[in-house]
Amino acid sequence: MKFIKNNITAVDGFTALGKCIGIKKGKKDFAVIYSDKICSAAAVYTKNKVKGAPLYVDMEHLKNGKAQAIVINSGIANVATGQKGINDAVLTCKLAAKELKINPYDVLVASTGIIGKNLPMDVMKKGIKGSLKQLKKVNQAAQAILTTDTMKKEIAVKVDNFVIGAIAKGSGMIHPNMATMLCFITTDADLSSSELKKCLVNAVNGSFNMVSVDMDTSTSDMVTLMSNNTKKVDKNKFQKALNFVCKEMAKKIAYDGEGATKLIEVTVLNAKTKKDAVKISKGIITSNLFKCAMFGNDPNWGRIMCAIGNSDAYFNQDKVDIVIQNKLIVHNGVEVSDFNKKKISKLLKKDKVKVIVDLNLGKEETTAYGCDMSYGYVEINAEYHT
């Protein structure tokens with residue numbers, strides 16, 4: 001596997017743009033991703049029962065498994081906006097289709113930002129105009145889709161003869177249940193929409209569905225995968241590459257959690273079932289007490305044990321081992337004799353922390369991704385709307 005440049009436009013035939021159209025003052029807030037030919041396409045959506053208007057439109061447009069362009073705005077989520085929100089999302093597709101000279105049903109839309117506000121369609125119309133001429137290989141799409149994010153999230157890899165590229169946004173309201181953030185993935189792998197959907201679901205379940213920042217599942221987000229079907233591929237190799245791309249993007253999202261100072265990876269080993277491993281790993285990274293301890297560089301392993309016990313998973317307390325930053329601190333459920341709080345606390349000051357919980361019961365394992373909880377998280381969300 002080789003890392004290459006240009007994220008989503010690393011795939012031949014894809015171009016994009018990112019620019020400021022005036023939804024957010026002085027910041028890029030509008031992006032378009034475009035393929036020069038019809039693509040096989042698939043998506044997974046948030047399971048939040050309150051969904052944004054763009055998701056309903058996209059579900060309709062993707063019934064035939066085809067797409068050619070995606071139009072994204074940040075700043076306003078177009079959620080809880082009634083029929084007008086649906087109409088605005090449909091109109092966005094029509095305006096973009098006219099500009100790009102494609103079928104409106106081959107256009108997908110995505111919006112992220114404040115809930116309950118209508119899109120300024122006069123601004124959207126002006127922003128869409130001229131898009132076709134502004135599409136480029138080197139672009140600012142990854143920047144334009146951000147909200148409270150502090151950094152771009154992008155990747156492109158080449159495996160054998162095929163390429164996968166991706167951009168994403170996500171910093172808060174991150175607790176996925178079949179995708180919670182925006183992520184757009186492109187490829188040239190020759191796979192049908194049904195094959196892409198299966199691969200995407202598998203990849204999401206091991207990546208985006210294993211990341212949490214604040215236990216809030218968003219209302220408007222999704223992951224899309226588009227392929228222009230130009231390269232024959234080994235499906236197993238494609239799945240592995242897609243898994244890798246999605247995991248890397250999930251880590252970037254966790255690392256950039258609102259107010260976060262560090263990425264936390266929690267691996268559960270030797271669980272009796274996969275379900276138990278998932279419950280425990282996610283239970284730990286979503287524990288506010290554990291997250292606060294990590295912010296304070298406090299190796300309070302009791303927070304981990306408490307989270308394990310709250311997970312509703314099967315385990316034996318007397319068999320649990322806990323390792324933090326490669327140091328065994330709990331063996332068979334009790335603190336090791338040479339536990340040194342100061343030394344472990346020093347290791348926790350790094351920007352990436354790894355925790356391993358060995359249940360010593362079976363053979364199943366999994367890894368979840370999260371971040372610490374700082375004063376900054378409260379400040380960002382206390383002032384988000386005001």
# chains A, B, ... in the order shown; residues from 1 in each chain; ligands from 1
>>> residues_around(residues="stretch 115-127 of chain A", least_positions_apart="4", cutoff="6 Å", atoms="only C-alpha atoms", output="ChimeraX atom specification")
/A:21,77-81
>>> closest_atom_pairs(of="stretch 73-111 of chain A", to="stretch 222-225 of chain A", cutoff="12 Å", atoms="only C-alpha atoms", output="Markdown table")
| residue | atom | partner | partner_atom | distance |
| --- | --- | --- | --- | --- |
| A:Leu108 | CA | A:Thr224 | CA | 9.4 |
| A:Val109 | CA | A:Met222 | CA | 10.5 |
| A:Ala110 | CA | A:Met222 | CA | 8.2 |
| A:Ser111 | CA | A:Met222 | CA | 10.0 |
>>> select_by_dssp(residues="stretch 45-213 of chain A", states="alpha helix (DSSP H)", output="ChimeraX atom specification")
/A:53-61,82-100,121-128,131-134,141-144,193-205
>>> write_last_selection(atoms="C-alpha atoms", output="PDB file, in the first residue's frame")
ATOM      1  CA  ALA A  53     -33.328  16.746   4.666  1.00  0.00           C
ATOM      2  CA  PRO A  54     -30.272  15.857   2.525  1.00  0.00           C
ATOM      3  CA  LEU A  55     -30.311  12.271   3.788  1.00  0.00           C
ATOM      4  CA  TYR A  56     -33.885  11.692   2.659  1.00  0.00           C
ATOM      5  CA  VAL A  57     -33.057  13.093  -0.770  1.00  0.00           C
ATOM      6  CA  ASP A  58     -29.901  10.990  -1.050  1.00  0.00           C
ATOM      7  CA  MET A  59     -31.739   7.826  -0.067  1.00  0.00           C
ATOM      8  CA  GLU A  60     -34.119   8.450  -2.938  1.00  0.00           C
ATOM      9  CA  HIS A  61     -31.371   9.311  -5.422  1.00  0.00           C
ATOM     10  CA  GLY A  82     -39.807  20.556   7.311  1.00  0.00           C
ATOM     11  CA  GLN A  83     -40.868  20.364   3.689  1.00  0.00           C
ATOM     12  CA  LYS A  84     -38.920  23.517   2.867  1.00  0.00           C
ATOM     13  CA  GLY A  85     -35.719  21.706   3.853  1.00  0.00           C
ATOM     14  CA  ILE A  86     -36.526  18.845   1.492  1.00  0.00           C
ATOM     15  CA  ASN A  87     -37.405  21.305  -1.280  1.00  0.00           C
ATOM     16  CA  ASP A  88     -34.141  23.179  -0.754  1.00  0.00           C
ATOM     17  CA  ALA A  89     -32.115  19.957  -0.927  1.00  0.00           C
ATOM     18  CA  VAL A  90     -33.900  18.929  -4.133  1.00  0.00           C
ATOM     19  CA  LEU A  91     -33.378  22.391  -5.610  1.00  0.00           C
ATOM     20  CA  THR A  92     -29.678  22.215  -4.751  1.00  0.00           C
ATOM     21  CA  CYS A  93     -29.447  18.993  -6.768  1.00  0.00           C
ATOM     22  CA  LYS A  94     -31.248  20.566  -9.712  1.00  0.00           C
ATOM     23  CA  LEU A  95     -29.093  23.698  -9.702  1.00  0.00           C
ATOM     24  CA  ALA A  96     -25.891  21.669  -9.472  1.00  0.00           C
ATOM     25  CA  ALA A  97     -27.059  19.278 -12.206  1.00  0.00           C
ATOM     26  CA  LYS A  98     -27.748  22.164 -14.545  1.00  0.00           C
ATOM     27  CA  GLU A  99     -24.317  23.649 -13.880  1.00  0.00           C
ATOM     28  CA  LEU A 100     -22.514  20.302 -14.210  1.00  0.00           C
ATOM     29  CA  MET A 121     -30.831  29.448  -1.161  1.00  0.00           C
ATOM     30  CA  ASP A 122     -29.875  32.748  -2.770  1.00  0.00           C
ATOM     31  CA  VAL A 123     -26.348  32.176  -1.442  1.00  0.00           C
ATOM     32  CA  MET A 124     -26.401  28.538  -2.546  1.00  0.00           C
ATOM     33  CA  LYS A 125     -27.479  29.513  -6.074  1.00  0.00           C
ATOM     34  CA  LYS A 126     -24.617  31.987  -6.410  1.00  0.00           C
ATOM     35  CA  GLY A 127     -22.166  29.468  -4.994  1.00  0.00           C
ATOM     36  CA  ILE A 128     -23.184  26.721  -7.391  1.00  0.00           C
ATOM     37  CA  SER A 131     -18.734  25.307 -10.301  1.00  0.00           C
ATOM     38  CA  LEU A 132     -17.943  23.348 -13.443  1.00  0.00           C
ATOM     39  CA  LYS A 133     -15.061  25.662 -14.343  1.00  0.00           C
ATOM     40  CA  GLN A 134     -13.752  25.692 -10.764  1.00  0.00           C
ATOM     41  CA  ALA A 141     -12.868  20.501  -0.514  1.00  0.00           C
ATOM     42  CA  ALA A 142     -11.428  18.902   2.635  1.00  0.00           C
ATOM     43  CA  GLN A 143     -11.251  22.336   4.253  1.00  0.00           C
ATOM     44  CA  ALA A 144     -14.665  23.514   3.089  1.00  0.00           C
ATOM     45  CA  SER A 193     -23.211  -0.639  -6.072  1.00  0.00           C
ATOM     46  CA  SER A 194     -24.328  -3.682  -4.065  1.00  0.00           C
ATOM     47  CA  GLU A 195     -20.726  -4.869  -3.734  1.00  0.00           C
ATOM     48  CA  LEU A 196     -19.639  -1.370  -2.706  1.00  0.00           C
ATOM     49  CA  LYS A 197     -22.412  -1.239  -0.102  1.00  0.00           C
ATOM     50  CA  LYS A 198     -21.359  -4.539   1.421  1.00  0.00           C
ATOM     51  CA  CYS A 199     -17.710  -3.474   1.540  1.00  0.00           C
ATOM     52  CA  LEU A 200     -18.642  -0.086   2.988  1.00  0.00           C
ATOM     53  CA  VAL A 201     -20.807  -1.544   5.753  1.00  0.00           C
ATOM     54  CA  ASN A 202     -17.990  -3.930   6.720  1.00  0.00           C
ATOM     55  CA  ALA A 203     -15.463  -1.090   6.781  1.00  0.00           C
ATOM     56  CA  VAL A 204     -17.726   1.267   8.736  1.00  0.00           C
ATOM     57  CA  ASN A 205     -18.488  -1.332  11.395  1.00  0.00           C
TER      58      ASN A 205
END
>>> residues_around(residues="stretch 330-339 of chain A", least_positions_apart="2", cutoff="8 Å", atoms="only C-alpha atoms", output="number ranges by chain")
A: 301, 317-323, 328, 341
>>> residues_around(residues="A:Lys252", least_positions_apart="6", cutoff="9 Å", atoms="only C-alpha atoms", output="list in words")
Met151, Lys152, Lys153, Glu154, Ala168, Gly170 and Leu263 of chain A
>>> closest_atom_pairs(of="stretch 211-257 of chain A", to="stretch 347-359 of chain A", cutoff="12 Å", atoms="only C-alpha atoms", output="JSON lines")
{"residue": "A:Lys251", "atom": "CA", "partner": "A:Lys352", "partner_atom": "CA", "distance": 10.3}
{"residue": "A:Lys252", "atom": "CA", "partner": "A:Lys352", "partner_atom": "CA", "distance": 11.4}
{"residue": "A:Ala254", "atom": "CA", "partner": "A:Lys352", "partner_atom": "CA", "distance": 10.6}
{"residue": "A:Tyr255", "atom": "CA", "partner": "A:Lys352", "partner_atom": "CA", "distance": 8.3}
{"residue": "A:Asp256", "atom": "CA", "partner": "A:Asp351", "partner_atom": "CA", "distance": 11.0}
>>> residues_around(residues="stretch 157-161 of chain A", least_positions_apart="4", cutoff="12 Å", atoms="only C-alpha atoms", output="VMD selection string")
chain A and resid 1 to 12 165 to 166 185 to 190 230 to 246 248
>>> atom_distance(atom1="atom CA of A:Gly206", atom2="atom CA of A:Thr367")
8.1 Å
>>> select_by_dssp(residues="stretch 217-340 of chain A", states="strand (DSSP E)", output="number ranges by chain")
A: 222-231, 263-271, 321-324, 327-331, 334-335
>>> write_last_selection(atoms="C-alpha atoms", output="short mmCIF file (atom, residue, chain, number, x, y, z; two decimals), in the first residue's frame")
data_model
loop_
_atom_site.label_atom_id
_atom_site.label_comp_id
_atom_site.auth_asym_id
_atom_site.auth_seq_id
_atom_site.Cartn_x
_atom_site.Cartn_y
_atom_site.Cartn_z
CA MET A 222 -23.33 9.82 6.31
CA VAL A 223 -20.52 8.02 4.53
CA THR A 224 -20.63 7.76 0.75
CA LEU A 225 -18.53 5.64 -1.59
CA MET A 226 -18.37 6.33 -5.33
CA SER A 227 -16.53 4.31 -7.96
CA ASN A 228 -16.07 5.09 -11.64
CA ASN A 229 -15.43 1.36 -12.26
CA THR A 230 -12.29 1.68 -14.37
CA LYS A 231 -10.01 -0.89 -12.67
CA LEU A 263 -6.17 10.26 20.73
CA ILE A 264 -7.08 7.21 22.80
CA GLU A 265 -7.11 3.67 21.39
CA VAL A 266 -8.69 0.96 23.52
CA THR A 267 -8.08 -2.62 22.42
CA VAL A 268 -9.92 -5.51 24.03
CA LEU A 269 -8.24 -8.90 23.64
CA ASN A 270 -9.39 -12.47 24.17
CA ALA A 271 -13.08 -11.78 24.70
CA ASP A 321 -5.39 -7.59 32.75
CA ILE A 322 -4.98 -3.89 31.92
CA VAL A 323 -2.05 -2.38 30.06
CA ILE A 324 -1.55 1.39 29.61
CA LYS A 327 2.92 -1.03 30.98
CA LEU A 328 1.00 -3.79 32.80
CA ILE A 329 -0.84 -2.10 35.67
CA VAL A 330 -3.55 -4.65 36.52
CA HIS A 331 -3.14 -8.43 36.55
CA VAL A 334 -5.80 -6.35 40.94
CA GLU A 335 -3.08 -3.70 40.80
#
>>> atom_distance(atom1="atom CA of A:Gly259", atom2="atom CA of A:Phe30")
24.5 Å
>>> closest_residue(among="A:Lys136, A:Lys363, A:Arg303, A:Lys342", to="A:Lys272", atoms="only C-alpha atoms")
A:Lys363
>>> closest_residue(among="A:Thr46, A:Ser207, A:Asn310, A:Asn73", to="A:Ile145", atoms="only C-alpha atoms")
A:Asn73
>>> atom_distance(atom1="atom CA of A:Asp372", atom2="atom CA of A:Val44")
27.1 Å
